[in-house]
$ cat protein-v3.cif   # mmCIF, C-alpha atoms
data_run
#
loop_
_atom_site.label_atom_id
_atom_site.label_comp_id
_atom_site.auth_asym_id
_atom_site.auth_seq_id
_atom_site.Cartn_x
_atom_site.Cartn_y
_atom_site.Cartn_z
CA MET A 10 0.00 0.00 0.00
CA SER A 11 2.79 2.46 0.89
CA ALA A 12 4.41 1.91 -2.52
CA THR A 13 1.12 2.79 -4.21
CA LEU A 14 0.75 5.95 -2.14
CA ASN A 15 4.30 7.02 -2.90
CA ALA A 16 3.71 6.48 -6.61
CA THR A 17 0.53 8.54 -6.81
CA HIS A 18 1.49 11.46 -4.52
CA PRO A 19 -2.08 12.24 -3.42
CA LEU A 20 -1.54 15.83 -2.31
CA ALA A 21 -4.60 17.92 -1.52
CA ASP A 22 -6.10 19.70 -4.51
CA ARG A 23 -5.46 23.10 -2.92
CA ILE A 24 -1.73 22.38 -2.92
CA ASN A 25 -1.67 20.95 -6.43
CA ALA A 26 -3.39 24.12 -7.64
CA LEU A 27 -0.72 26.41 -6.18
CA GLU A 28 2.01 27.88 -8.33
CA GLU A 29 5.57 27.72 -7.02
CA SER A 30 6.95 31.09 -5.94
CA SER A 31 8.86 32.34 -8.98
CA THR A 32 11.30 34.34 -6.85
CA LEU A 33 12.19 31.36 -4.68
CA ALA A 34 12.38 29.06 -7.71
CA MET A 35 14.87 31.33 -9.49
CA THR A 36 16.93 31.77 -6.32
CA LYS A 37 17.10 27.98 -5.97
CA MET A 38 18.31 27.55 -9.57
CA ALA A 39 20.92 30.27 -9.10
CA ARG A 40 22.26 28.52 -6.01
CA GLU A 41 22.46 25.23 -7.87
CA LEU A 42 24.48 26.81 -10.70
CA ALA A 43 26.76 28.52 -8.20
CA ALA A 44 27.32 25.19 -6.45
CA GLN A 45 28.51 23.83 -9.79
CA GLY A 46 31.24 26.48 -9.84
CA HIS A 47 29.67 29.17 -12.01
CA ALA A 48 30.13 32.82 -11.03
CA VAL A 49 26.43 33.57 -10.65
CA ILE A 50 25.28 37.05 -9.67
CA SER A 51 21.88 36.73 -8.04
CA LEU A 52 19.57 39.70 -8.48
CA SER A 53 16.49 37.59 -7.90
CA VAL A 54 15.87 37.66 -4.17
CA GLY A 55 14.10 40.52 -2.41
CA GLU A 56 16.50 40.70 0.49
CA PRO A 57 18.65 43.54 1.85
CA ASP A 58 22.37 42.89 1.57
CA PHE A 59 23.03 44.79 4.80
CA LYS A 60 23.50 43.30 8.25
CA THR A 61 20.89 43.84 10.94
CA PRO A 62 21.87 46.99 12.92
CA GLN A 63 23.93 46.26 16.02
CA HIS A 64 21.53 47.74 18.59
CA ILE A 65 18.86 45.32 17.38
CA CYS A 66 21.20 42.36 17.63
CA ASP A 67 22.21 43.48 21.12
CA ALA A 68 18.54 43.52 22.18
CA ALA A 69 18.19 39.93 20.97
CA LYS A 70 21.24 38.85 22.98
CA LYS A 71 19.83 40.56 26.05
CA ALA A 72 16.50 38.78 25.55
CA ILE A 73 18.31 35.45 25.58
CA ASP A 74 20.20 36.40 28.73
CA ASP A 75 16.97 37.66 30.35
CA GLY A 76 15.31 34.30 29.80
CA PHE A 77 12.73 34.94 27.07
CA HIS A 78 12.87 31.28 26.08
CA GLY A 79 9.24 30.23 26.32
CA TYR A 80 6.08 30.49 24.25
CA SER A 81 4.99 34.06 23.63
CA PRO A 82 1.37 35.28 23.61
CA VAL A 83 -0.36 34.40 20.34
CA ALA A 84 -0.75 38.05 19.26
CA GLY A 85 2.72 39.07 20.44
CA TYR A 86 4.33 40.42 23.60
CA PRO A 87 2.50 43.43 25.08
CA ASP A 88 5.55 45.70 24.82
CA LEU A 89 5.95 44.88 21.13
CA ARG A 90 2.27 45.46 20.38
CA LYS A 91 2.53 48.82 22.14
CA ALA A 92 5.69 49.70 20.20
CA ILE A 93 3.91 48.89 16.94
CA ALA A 94 0.85 50.95 17.92
CA ASP A 95 3.14 53.86 18.81
CA LYS A 96 5.02 53.50 15.52
CA LEU A 97 1.79 53.53 13.51
CA LYS A 98 0.74 56.72 15.24
CA ARG A 99 4.17 58.35 14.92
CA ASP A 100 5.00 57.42 11.33
CA ASN A 101 1.64 56.73 9.70
CA ASN A 102 -0.99 58.77 11.54
CA ILE A 103 -2.90 55.52 12.19
CA ASN A 104 -4.65 55.37 15.54
CA TRP A 105 -4.70 51.75 16.67
CA LYS A 106 -4.25 50.50 20.22
CA PRO A 107 -2.16 47.45 21.15
CA GLU A 108 -5.33 45.35 21.06
CA ASN A 109 -5.59 46.13 17.34
CA ILE A 110 -2.14 44.67 16.64
CA VAL A 111 -1.26 41.05 15.85
CA VAL A 112 2.37 40.00 15.40
CA SER A 113 3.08 37.11 13.02
CA THR A 114 5.96 35.19 11.49
CA GLY A 115 6.77 37.70 8.77
CA ALA A 116 4.60 40.06 6.73
CA LYS A 117 3.81 37.19 4.34
CA HIS A 118 2.23 35.34 7.26
CA SER A 119 0.31 38.50 8.20
CA LEU A 120 -1.08 38.85 4.67
CA ALA A 121 -2.11 35.20 4.50
CA ASN A 122 -3.79 35.46 7.90
CA VAL A 123 -5.90 38.44 6.87
CA ILE A 124 -7.00 36.88 3.61
CA SER A 125 -7.92 33.67 5.40
CA VAL A 126 -10.09 35.44 7.97
CA LEU A 127 -11.84 37.80 5.53
CA VAL A 128 -12.32 35.89 2.28
CA ASN A 129 -15.07 33.33 1.78
CA PRO A 130 -15.24 30.96 -1.19
CA GLY A 131 -16.26 32.97 -4.24
CA ASP A 132 -15.41 36.37 -2.77
CA GLU A 133 -13.48 38.63 -5.11
CA VAL A 134 -10.16 40.16 -4.17
CA ILE A 135 -9.03 43.02 -6.38
CA ILE A 136 -5.26 42.98 -6.79
CA PHE A 137 -3.31 45.88 -8.27
CA ALA A 138 -0.81 44.57 -10.81
CA PRO A 139 2.09 44.24 -11.01
CA TYR A 140 1.80 42.47 -7.67
CA TRP A 141 3.97 40.42 -5.37
CA VAL A 142 3.94 36.80 -6.49
CA SER A 143 2.16 35.33 -3.45
CA TYR A 144 -0.94 37.58 -3.46
CA SER A 145 -2.96 35.61 -5.97
CA GLU A 146 -1.91 32.27 -4.52
CA MET A 147 -3.03 33.33 -1.03
CA VAL A 148 -6.43 34.24 -2.47
CA LYS A 149 -6.55 30.87 -4.21
CA LEU A 150 -5.89 29.07 -0.92
CA ALA A 151 -8.82 30.94 0.64
CA GLU A 152 -10.98 29.83 -2.32
CA GLY A 153 -11.48 33.42 -3.35
CA ARG A 154 -11.25 34.84 -6.86
CA SER A 155 -8.47 37.25 -7.84
CA VAL A 156 -9.55 40.19 -9.98
CA VAL A 157 -6.37 41.72 -11.36
CA ILE A 158 -6.18 45.36 -12.48
CA ASP A 159 -3.14 46.27 -14.56
CA GLY A 160 -1.24 49.45 -13.81
CA ALA A 161 0.08 50.89 -17.07
CA PHE A 162 3.81 51.29 -17.69
CA GLU A 163 3.08 54.86 -18.77
CA ASN A 164 1.57 55.55 -15.31
CA ASP A 165 4.56 54.00 -13.51
CA PHE A 166 2.55 50.78 -13.18
CA LYS A 167 0.00 52.46 -10.91
CA VAL A 168 -3.74 51.70 -10.98
CA THR A 169 -6.15 54.63 -11.29
CA PRO A 170 -9.31 55.26 -9.23
CA GLU A 171 -11.35 54.88 -12.41
CA GLN A 172 -9.94 51.39 -12.97
CA LEU A 173 -10.74 50.44 -9.39
CA GLU A 174 -14.31 51.72 -9.57
CA ALA A 175 -14.93 49.74 -12.75
CA ALA A 176 -13.63 46.52 -11.16
CA ILE A 177 -15.75 46.57 -7.99
CA THR A 178 -18.79 44.26 -7.98
CA ASP A 179 -21.19 43.01 -5.35
CA ARG A 180 -18.75 40.11 -4.80
CA THR A 181 -15.76 42.35 -4.00
CA LYS A 182 -14.48 41.82 -0.47
CA VAL A 183 -10.89 43.08 -0.44
CA VAL A 184 -8.67 45.45 -2.43
CA MET A 185 -5.01 44.48 -2.10
CA PHE A 186 -1.86 46.35 -3.10
CA ALA A 187 1.63 47.35 -1.99
CA SER A 188 3.15 50.82 -1.81
CA PRO A 189 6.10 51.08 -2.22
CA ASN A 190 5.56 48.29 -4.68
CA ASN A 191 7.29 44.98 -5.22
CA PRO A 192 8.18 44.40 -8.09
CA THR A 193 7.98 47.86 -9.70
CA GLY A 194 9.32 50.16 -7.01
CA SER A 195 6.42 52.53 -7.66
CA VAL A 196 5.04 54.60 -4.78
CA TYR A 197 1.47 55.86 -4.62
CA SER A 198 1.35 59.52 -3.62
CA GLU A 199 -0.95 60.90 -0.95
CA ALA A 200 -3.19 62.41 -3.64
CA GLU A 201 -3.40 59.09 -5.48
CA LEU A 202 -4.22 57.14 -2.33
CA ARG A 203 -6.82 59.66 -1.24
CA ALA A 204 -8.50 59.29 -4.64
CA ILE A 205 -8.48 55.51 -4.22
CA GLY A 206 -9.82 56.00 -0.70
CA ASP A 207 -12.72 58.02 -2.15
CA VAL A 208 -13.68 54.99 -4.24
CA ILE A 209 -13.47 52.65 -1.25
CA ALA A 210 -15.58 55.03 0.83
CA ARG A 211 -18.45 54.63 -1.64
CA HIS A 212 -18.49 50.84 -1.14
CA ASP A 213 -19.26 49.99 2.49
CA ASN A 214 -18.48 46.27 2.30
CA VAL A 215 -15.05 46.55 0.70
CA TYR A 216 -11.85 46.29 2.77
CA VAL A 217 -8.31 47.39 1.93
CA LEU A 218 -5.27 45.23 2.59
CA ALA A 219 -2.34 47.66 2.42
CA ASP A 220 1.09 46.05 2.23
CA GLU A 221 3.61 48.63 3.49
CA ILE A 222 6.63 46.39 4.04
CA TYR A 223 8.87 48.70 1.95
CA GLU A 224 7.73 51.84 3.80
CA TYR A 225 11.21 52.99 4.77
CA ILE A 226 12.72 52.48 1.31
CA ASN A 227 11.21 55.51 -0.32
CA PHE A 228 12.88 58.09 -2.56
CA THR A 229 9.97 60.50 -3.02
CA PRO A 230 10.22 64.05 -1.64
CA GLU A 231 6.89 63.72 0.18
CA GLY A 232 7.70 60.39 1.79
CA HIS A 233 5.35 57.57 2.70
CA PHE A 234 1.59 57.99 3.06
CA SER A 235 -0.64 55.30 4.56
CA ILE A 236 -4.13 54.81 3.18
CA GLY A 237 -5.13 53.61 6.65
CA SER A 238 -4.80 57.18 7.93
CA ILE A 239 -7.83 58.33 5.91
CA PRO A 240 -10.58 58.70 8.55
CA GLU A 241 -13.51 57.78 6.29
CA ILE A 242 -12.17 54.28 5.65
CA ALA A 243 -9.76 53.76 8.57
CA ASP A 244 -11.82 50.97 10.15
CA ARG A 245 -11.80 49.06 6.84
CA VAL A 246 -8.07 49.27 6.16
CA ILE A 247 -5.76 46.51 7.36
CA THR A 248 -2.18 47.79 7.40
CA VAL A 249 0.50 45.11 7.05
CA ASN A 250 4.14 45.82 7.77
CA GLY A 251 7.21 44.23 9.28
CA VAL A 252 10.91 44.71 9.90
CA ALA A 253 12.41 42.61 7.11
CA LYS A 254 13.19 45.31 4.56
CA GLY A 255 13.63 48.61 6.40
CA PHE A 256 15.71 47.11 9.21
CA ALA A 257 17.48 44.33 7.25
CA MET A 258 15.79 41.67 9.41
CA THR A 259 14.52 39.19 6.79
CA GLY A 260 15.57 36.09 8.73
CA TRP A 261 14.09 37.32 11.99
CA ARG A 262 10.58 36.72 10.56
CA ILE A 263 8.49 39.42 12.21
CA GLY A 264 5.45 40.95 10.54
CA TYR A 265 2.34 42.56 11.94
CA ILE A 266 -1.08 43.96 11.19
CA GLY A 267 -2.97 46.96 12.49
CA ALA A 268 -6.72 46.52 12.03
CA ALA A 269 -10.17 46.88 13.54
CA LYS A 270 -10.37 44.75 16.67
CA TRP A 271 -12.77 42.20 15.19
CA ILE A 272 -10.31 41.55 12.36
CA ALA A 273 -7.35 41.41 14.76
CA ASP A 274 -9.31 38.99 16.95
CA GLY A 275 -10.01 36.79 13.93
CA VAL A 276 -6.35 36.74 12.98
CA GLU A 277 -5.36 35.91 16.55
CA LYS A 278 -7.91 33.08 16.61
CA LEU A 279 -6.55 31.61 13.36
CA GLN A 280 -2.94 32.02 14.41
CA GLY A 281 -3.66 30.32 17.71
CA GLN A 282 -4.60 27.16 15.82
CA VAL A 283 -1.79 27.28 13.25
CA THR A 284 1.47 28.76 14.56
CA SER A 285 0.71 30.35 17.95
CA GLY A 286 3.01 33.22 18.92
CA THR A 287 6.07 33.94 16.83
CA ASN A 288 9.73 33.82 17.87
CA SER A 289 10.21 35.34 21.33
CA ILE A 290 13.77 36.58 20.80
CA ALA A 291 12.94 38.17 17.45
CA GLN A 292 10.03 39.99 19.06
CA LYS A 293 12.30 41.59 21.65
CA ALA A 294 14.72 42.58 18.89
CA THR A 295 11.83 44.20 17.03
CA VAL A 296 10.97 46.36 20.04
CA ALA A 297 14.50 47.76 19.76
CA ALA A 298 14.09 48.26 16.02
CA LEU A 299 10.88 50.25 16.37
CA THR A 300 11.91 52.32 19.39
CA GLY A 301 15.62 52.83 18.72
CA THR A 302 17.67 54.94 16.34
CA MET A 303 16.61 55.08 12.70
CA GLU A 304 20.02 56.18 11.42
CA PRO A 305 20.96 52.75 9.99
CA THR A 306 17.63 52.62 8.14
CA TYR A 307 18.16 56.08 6.67
CA ALA A 308 21.68 55.11 5.57
CA MET A 309 20.36 51.99 3.85
CA ASN A 310 17.73 54.07 2.07
CA GLU A 311 20.42 56.38 0.70
CA ALA A 312 22.40 53.39 -0.56
CA TYR A 313 19.32 51.95 -2.27
CA LYS A 314 18.65 55.30 -3.95
CA ARG A 315 22.21 55.48 -5.25
CA ARG A 316 21.95 51.94 -6.58
CA ARG A 317 18.58 52.75 -8.17
CA ASP A 318 20.17 55.61 -10.08
CA LEU A 319 23.09 53.43 -11.15
CA VAL A 320 20.98 50.53 -12.39
CA VAL A 321 18.42 52.69 -14.19
CA LYS A 322 21.20 54.48 -16.05
CA LEU A 323 22.82 51.19 -17.06
CA LEU A 324 19.56 49.53 -18.11
CA LYS A 325 18.55 52.50 -20.25
CA ASP A 326 21.73 51.90 -22.23
CA ILE A 327 20.51 48.45 -23.33
CA PRO A 328 18.75 48.66 -26.71
CA GLY A 329 15.11 47.54 -26.52
CA PHE A 330 14.76 47.84 -22.74
CA LYS A 331 11.97 50.20 -21.61
CA VAL A 332 12.84 51.47 -18.14
CA ASN A 333 10.90 53.65 -15.73
CA VAL A 334 12.40 55.24 -12.62
CA PRO A 335 11.35 53.43 -9.41
CA THR A 336 10.58 55.72 -6.49
CA GLY A 337 10.88 53.14 -3.71
CA ALA A 338 11.84 49.57 -2.75
CA PHE A 339 14.96 48.03 -4.30
CA TYR A 340 13.96 46.78 -7.73
CA ALA A 341 14.11 47.77 -11.37
CA PHE A 342 11.36 46.42 -13.60
CA PRO A 343 12.22 46.91 -17.28
CA ASP A 344 9.90 45.98 -20.12
CA VAL A 345 11.94 43.52 -22.20
CA SER A 346 9.23 42.44 -24.66
CA ALA A 347 11.19 43.89 -27.59
CA TYR A 348 13.27 40.71 -27.44
CA TYR A 349 10.37 38.28 -27.62
CA GLY A 350 10.60 36.17 -30.75
CA LYS A 351 14.36 36.74 -31.04
CA SER A 352 16.98 33.99 -30.89
CA ASP A 353 20.66 33.45 -30.23
CA GLY A 354 20.65 30.62 -32.77
CA THR A 355 19.89 27.99 -30.16
CA THR A 356 17.18 29.43 -27.92
CA THR A 357 14.20 31.55 -28.98
CA ILE A 358 12.85 33.94 -26.36
CA GLN A 359 9.06 33.73 -26.31
CA ASN A 360 8.24 35.29 -22.93
CA SER A 361 9.67 36.60 -19.67
CA ASP A 362 10.11 33.09 -18.28
CA ASP A 363 12.27 32.17 -21.26
CA PHE A 364 14.19 35.42 -20.91
CA ALA A 365 14.96 34.99 -17.20
CA LEU A 366 16.03 31.36 -17.62
CA TRP A 367 18.14 32.23 -20.67
CA LEU A 368 19.93 35.03 -18.83
CA LEU A 369 20.67 32.69 -15.94
CA ASN A 370 22.19 30.02 -18.19
CA LYS A 371 23.80 32.40 -20.68
CA ALA A 372 25.07 35.24 -18.52
CA TYR A 373 24.89 33.67 -15.06
CA VAL A 374 22.68 36.50 -13.85
CA ALA A 375 19.60 35.55 -11.84
CA THR A 376 16.55 37.77 -12.32
CA VAL A 377 12.83 36.98 -11.99
CA ALA A 378 10.31 36.74 -14.83
CA GLY A 379 7.56 39.33 -14.74
CA SER A 380 4.91 36.71 -15.42
CA GLY A 381 4.80 35.73 -11.75
CA PHE A 382 4.03 39.35 -10.86
CA GLY A 383 1.20 39.70 -13.37
CA ALA A 384 3.43 41.61 -15.81
CA PRO A 385 4.54 39.20 -18.56
CA ASN A 386 6.47 41.85 -20.53
CA CYS A 387 8.86 42.65 -17.70
CA LEU A 388 11.80 41.35 -15.72
CA ARG A 389 12.44 42.05 -12.04
CA ILE A 390 15.99 42.99 -11.12
CA SER A 391 16.89 43.42 -7.46
CA THR A 392 19.18 46.35 -6.72
CA ALA A 393 19.97 45.03 -3.23
CA ALA A 394 23.53 44.17 -4.20
CA SER A 395 26.91 45.87 -4.25
CA ASP A 396 27.63 48.53 -6.87
CA GLU A 397 30.31 46.26 -8.33
CA ASN A 398 27.95 43.32 -8.73
CA LEU A 399 25.25 45.53 -10.21
CA VAL A 400 27.62 46.97 -12.82
CA GLU A 401 28.94 43.52 -13.67
CA ALA A 402 25.47 41.96 -13.85
CA VAL A 403 23.95 44.59 -16.11
CA GLY A 404 27.07 44.46 -18.28
CA ARG A 405 26.58 40.71 -18.69
CA ILE A 406 22.90 41.24 -19.54
CA LYS A 407 23.79 43.84 -22.18
CA ALA A 408 26.41 41.57 -23.75
CA ALA A 409 24.04 38.59 -23.75
CA VAL A 410 21.06 40.32 -25.37
CA ALA A 411 23.34 41.69 -28.11
CA GLN A 412 23.42 38.09 -29.38
CA LEU A 413 19.64 37.98 -29.86
CA GLN A 414 18.41 38.57 -33.40
#
$ encode --input "protein-v3.cif" --output "structure tokens"
Amino acid sequence: MSATLNATHPLADRINALEESSTLAMTKMARELAAQGHAVISLSVGEPDFKTPQHICDAAKKAIDDGFHGYSPVAGYPDLRKAIADKLKRDNNINWKPENIVVSTGAKHSLANVISVLVNPGDEVIIFAPYWVSYSEMVKLAEGRSVVIDGAFENDFKVTPEQLEAAITDRTKVVMFASPNNPTGSVYSEAELRAIGDVIARHDNVYVLADEIYEYINFTPEGHFSIGSIPEIADRVITVNGVAKGFAMTGWRIGYIGAAKWIADGVEKLQGQVTSGTNSIAQKATVAALTGTMEPTYAMNEAYKRRRDLVVKLLKDIPGFKVNVPTGAFYAFPDVSAYYGKSDGTTTIQNSDDFALWLLNKAYVATVAGSGFGAPNCLRISTAASDENLVEAVGRIKAAVAQLQ
């Protein structure tokens, strides 16, 4: 019997229906090539290349010495929930109390929790595209239906209020987007978000899931604006954030939500049955991140801006690449469709998946196909790498595509 089971692999249908994360898949292939001895430059992973600031690490060491070794409360330690509530007030003009906060194992976990507690089978979730690869798969797991709205390249990939209004139906439950955006690096301005908020305000049963994980990586003069600060819709906005990007704490796995108490209670109830409270030491480190000096974060932001300028300049020098100027996060997202249908004599590039795989095998540069982000004409290039690696990588890309005819 066991041999039969092993042969048929009877996974649940919900798992068989899921797509593999394209970012993680490309990172895995890059590591495999590197292990074979190839000089791979990986620009595929969305991870800061900086170390976690020392004062945060010191807080973690102190937490170990102070004996925070046991299970933590499901929604997070009280001091962390208060620090998050204070941060939301200070930085985002969002007025939630600690009871409105739930801490989870990364912002991805926070997003999945919210979708699971809000979305019923058949509910529609409007997703602004380009979008982070896991959004649509999370909706699929909740048996909801993704309704994707495309942000035009000419509008820096941003969705307009008119597009949103046209997409809302009586089945719409959630509107989901990220600003600053992964993969495009686009940032919605206060005026743009207020206009979107006006649309939401006209639809009482629609909620907003605002992914703000790249909040502190922002190059706009006006800085970050949170849609959750708009009073007319504040109780229907779930703000998701974490410490992975702005504090270089990806491996610490701390994310959180700020939401109406009934939503926070639902998330806490779900989390209590799935993961319980997240890592106790990482929580104490996060208190230090949110209450301590921001100087390391500001320094990282300046480095990302310099790298943005460098990569955009280099990419614009590649014939056929259409490049906008990202205003946040650490990605470039060029339109490379001019090369579709072209060949190096062995391989013909038909789409972004072909292009990304070809670049990996031809130039040993790992990028991510835009198809996984809902933008099949584009390629995501992480700028979270050294200047030297960025120059070398884009140089390899330019040399490789020169062979396509």
$ resolve_selection --input "protein-v3.cif" --expression "the PyMOL selection byres ((chain A and resi 398) around 12)" --output "PyMOL selection string"
chain A and resi 48-52+58+316+319-320+373-375+391-397+399-405
$ write_last_selection --input "protein-v3.cif" --atoms "C-alpha atoms" --output "compact mmCIF listing (two decimals), in the frame of the given file"
# COMPACT_ATOMS: atom_id res chain seq x y z
CA ALA A 48 30.13 32.82 -11.03
CA VAL A 49 26.43 33.57 -10.65
CA ILE A 50 25.28 37.05 -9.67
CA SER A 51 21.88 36.73 -8.04
CA LEU A 52 19.57 39.70 -8.48
CA ASP A 58 22.37 42.89 1.57
CA ARG A 316 21.95 51.94 -6.58
CA LEU A 319 23.09 53.43 -11.15
CA VAL A 320 20.98 50.53 -12.39
CA TYR A 373 24.89 33.67 -15.06
CA VAL A 374 22.68 36.50 -13.85
CA ALA A 375 19.60 35.55 -11.84
CA SER A 391 16.89 43.42 -7.46
CA THR A 392 19.18 46.35 -6.72
CA ALA A 393 19.97 45.03 -3.23
CA ALA A 394 23.53 44.17 -4.20
CA SER A 395 26.91 45.87 -4.25
CA ASP A 396 27.63 48.53 -6.87
CA GLU A 397 30.31 46.26 -8.33
CA LEU A 399 25.25 45.53 -10.21
CA VAL A 400 27.62 46.97 -12.82
CA GLU A 401 28.94 43.52 -13.67
CA ALA A 402 25.47 41.96 -13.85
CA VAL A 403 23.95 44.59 -16.11
CA GLY A 404 27.07 44.46 -18.28
CA ARG A 405 26.58 40.71 -18.69
$ closest_residue --input "protein-v3.cif" --among "A:Lys278, A:Arg211, A:His18, A:Lys314" --to "Asn227 (chain A)" --atoms "only C-alpha atoms"
A:Lys314
$ resolve_selection --input "protein-v3.cif" --expression "the PyMOL selection byres ((chain A and resi 87-90) around 7)" --output "compact mmCIF listing (two decimals) with C-alpha atoms, in the frame of the given file"
# COMPACT_ATOMS: atom_id res chain seq x y z
CA GLY A 85 2.72 39.07 20.44
CA TYR A 86 4.33 40.42 23.60
CA LYS A 91 2.53 48.82 22.14
CA ALA A 92 5.69 49.70 20.20
CA ILE A 93 3.91 48.89 16.94
CA ALA A 94 0.85 50.95 17.92
CA PRO A 107 -2.16 47.45 21.15
CA ILE A 110 -2.14 44.67 16.64
CA GLN A 292 10.03 39.99 19.06
CA VAL A 296 10.97 46.36 20.04
$ resolve_selection --input "protein-v3.cif" --expression "the PyMOL selection byres ((chain A and resi 324) around 10)" --output "mmCIF file with C-alpha atoms, in the coordinates of the input"
data_model
loop_
_atom_site.group_PDB
_atom_site.id
_atom_site.type_symbol
_atom_site.label_atom_id
_atom_site.label_comp_id
_atom_site.auth_asym_id
_atom_site.auth_seq_id
_atom_site.Cartn_x
_atom_site.Cartn_y
_atom_site.Cartn_z
ATOM 1 C CA LEU A 319 23.090 53.430 -11.150
ATOM 2 C CA VAL A 320 20.980 50.530 -12.390
ATOM 3 C CA VAL A 321 18.420 52.690 -14.190
ATOM 4 C CA LYS A 322 21.200 54.480 -16.050
ATOM 5 C CA LEU A 323 22.820 51.190 -17.060
ATOM 6 C CA LYS A 325 18.550 52.500 -20.250
ATOM 7 C CA ASP A 326 21.730 51.900 -22.230
ATOM 8 C CA ILE A 327 20.510 48.450 -23.330
ATOM 9 C CA PRO A 328 18.750 48.660 -26.710
ATOM 10 C CA GLY A 329 15.110 47.540 -26.520
ATOM 11 C CA PHE A 330 14.760 47.840 -22.740
ATOM 12 C CA LYS A 331 11.970 50.200 -21.610
ATOM 13 C CA VAL A 332 12.840 51.470 -18.140
ATOM 14 C CA ASN A 333 10.900 53.650 -15.730
ATOM 15 C CA ALA A 341 14.110 47.770 -11.370
ATOM 16 C CA PHE A 342 11.360 46.420 -13.600
ATOM 17 C CA PRO A 343 12.220 46.910 -17.280
ATOM 18 C CA VAL A 400 27.620 46.970 -12.820
ATOM 19 C CA VAL A 403 23.950 44.590 -16.110
ATOM 20 C CA GLY A 404 27.070 44.460 -18.280
ATOM 21 C CA ILE A 406 22.900 41.240 -19.540
ATOM 22 C CA LYS A 407 23.790 43.840 -22.180
#
$ residues_around --input "protein-v3.cif" --residues "Arg99 (chain A)" --least-positions-apart "4" --cutoff "12 Å" --atoms "only C-alpha atoms" --output "number ranges by chain"
A: 92-95, 103-105, 235, 238, 299-300
$ closest_residue --input "protein-v3.cif" --among "A:Pro170, A:Pro385, A:Pro305, A:Pro335" --to "Ala204 (chain A)" --atoms "all atoms listed in the file"
A:Pro170
$ residues_around --input "protein-v3.cif" --residues "Val252 (chain A)" --least-positions-apart "3" --cutoff "9 Å" --atoms "only C-alpha atoms" --output "VMD selection string"
chain A and resid 115 to 116 222 255 to 259 261 to 264 295 298 to 299
$ axis_aligned_box --input "protein-v3.cif" --around "region 93-100 of chain A" --padding-each-side "4 Å" --output "JSON"
{"center_x": 2.9, "center_y": 53.6, "center_z": 15.1, "size_x": 12.3, "size_y": 17.5, "size_z": 15.5}
$ closest_residue --input "protein-v3.cif" --among "A:Asp318, A:Val111, A:Asp179, A:Ala411" --to "Thr287 (chain A)" --atoms "only C-alpha atoms"
A:Val111
$ residues_around --input "protein-v3.cif" --residues "Glu28 (chain A)" --least-positions-apart "3" --cutoff "10 Å" --atoms "all atoms listed in the file" --output "ChimeraX atom specification"
/A:24-25,31,142-143,145-146,149,381
$ closest_residue --input "protein-v3.cif" --among "A:Trp367, A:Tyr349, A:Phe339, A:Tyr265" --to "Val112 (chain A)" --atoms "all atoms listed in the file"
A:Tyr265
$ residues_around --input "protein-v3.cif" --residues "Lys71 (chain A)" --least-positions-apart "5" --cutoff "9 Å" --atoms "only C-alpha atoms" --output "PyMOL selection string"
chain A and resi 66+76+290+293
$ closest_residue --input "protein-v3.cif" --among "A:Val168, A:Ile272, A:Ala21, A:Met185" --to "Glu201 (chain A)" --atoms "all atoms listed in the file"
A:Val168
$ closest_atom_pairs --input "protein-v3.cif" --of "region 331-378 of chain A" --to "region 310-313 of chain A" --cutoff "10 Å" --atoms "only C-alpha atoms" --output "CSV"
residue,atom,partner,partner_atom,distance
A:Gly337,CA,A:Tyr313,CA,8.6
A:Ala338,CA,A:Tyr313,CA,7.9
A:Phe339,CA,A:Tyr313,CA,6.2
A:Tyr340,CA,A:Tyr313,CA,9.2
$ closest_residue --input "protein-v3.cif" --among "A:Thr169, A:Asn250, A:Ser188, A:Ser30" --to "Ile205 (chain A)" --atoms "all atoms listed in the file"
A:Thr169
$ atom_distance --input "protein-v3.cif" --atom1 "CA of Phe228 (chain A)" --atom2 "CA of Ala384 (chain A)"
23.2 Å
$ atom_distance --input "protein-v3.cif" --atom1 "CA of Val54 (chain A)" --atom2 "CA of Arg23 (chain A)"
25.9 Å
$ atom_distance --input "protein-v3.cif" --atom1 "CA of Val208 (chain A)" --atom2 "CA of Leu173 (chain A)"
7.5 Å
$ residues_near_point --input "protein-v3.cif" --point "(-7.2, 36.8, 7.0)" --cutoff "9 Å" --atoms "only C-alpha atoms" --output "PyMOL selection string"
chain A and resi 119-128+151+272+275-276+279
$ write_last_selection --input "protein-v3.cif" --atoms "C-alpha atoms" --output "PDB file, keeping the file's coordinate frame"
ATOM      1  CA  SER A 119       0.310  38.500   8.200  1.00  0.00           C
ATOM      2  CA  LEU A 120      -1.080  38.850   4.670  1.00  0.00           C
ATOM      3  CA  ALA A 121      -2.110  35.200   4.500  1.00  0.00           C
ATOM      4  CA  ASN A 122      -3.790  35.460   7.900  1.00  0.00           C
ATOM      5  CA  VAL A 123      -5.900  38.440   6.870  1.00  0.00           C
ATOM      6  CA  ILE A 124      -7.000  36.880   3.610  1.00  0.00           C
ATOM      7  CA  SER A 125      -7.920  33.670   5.400  1.00  0.00           C
ATOM      8  CA  VAL A 126     -10.090  35.440   7.970  1.00  0.00           C
ATOM      9  CA  LEU A 127     -11.840  37.800   5.530  1.00  0.00           C
ATOM     10  CA  VAL A 128     -12.320  35.890   2.280  1.00  0.00           C
ATOM     11  CA  ALA A 151      -8.820  30.940   0.640  1.00  0.00           C
ATOM     12  CA  ILE A 272     -10.310  41.550  12.360  1.00  0.00           C
ATOM     13  CA  GLY A 275     -10.010  36.790  13.930  1.00  0.00           C
ATOM     14  CA  VAL A 276      -6.350  36.740  12.980  1.00  0.00           C
ATOM     15  CA  LEU A 279      -6.550  31.610  13.360  1.00  0.00           C
TER      16      LEU A 279
END
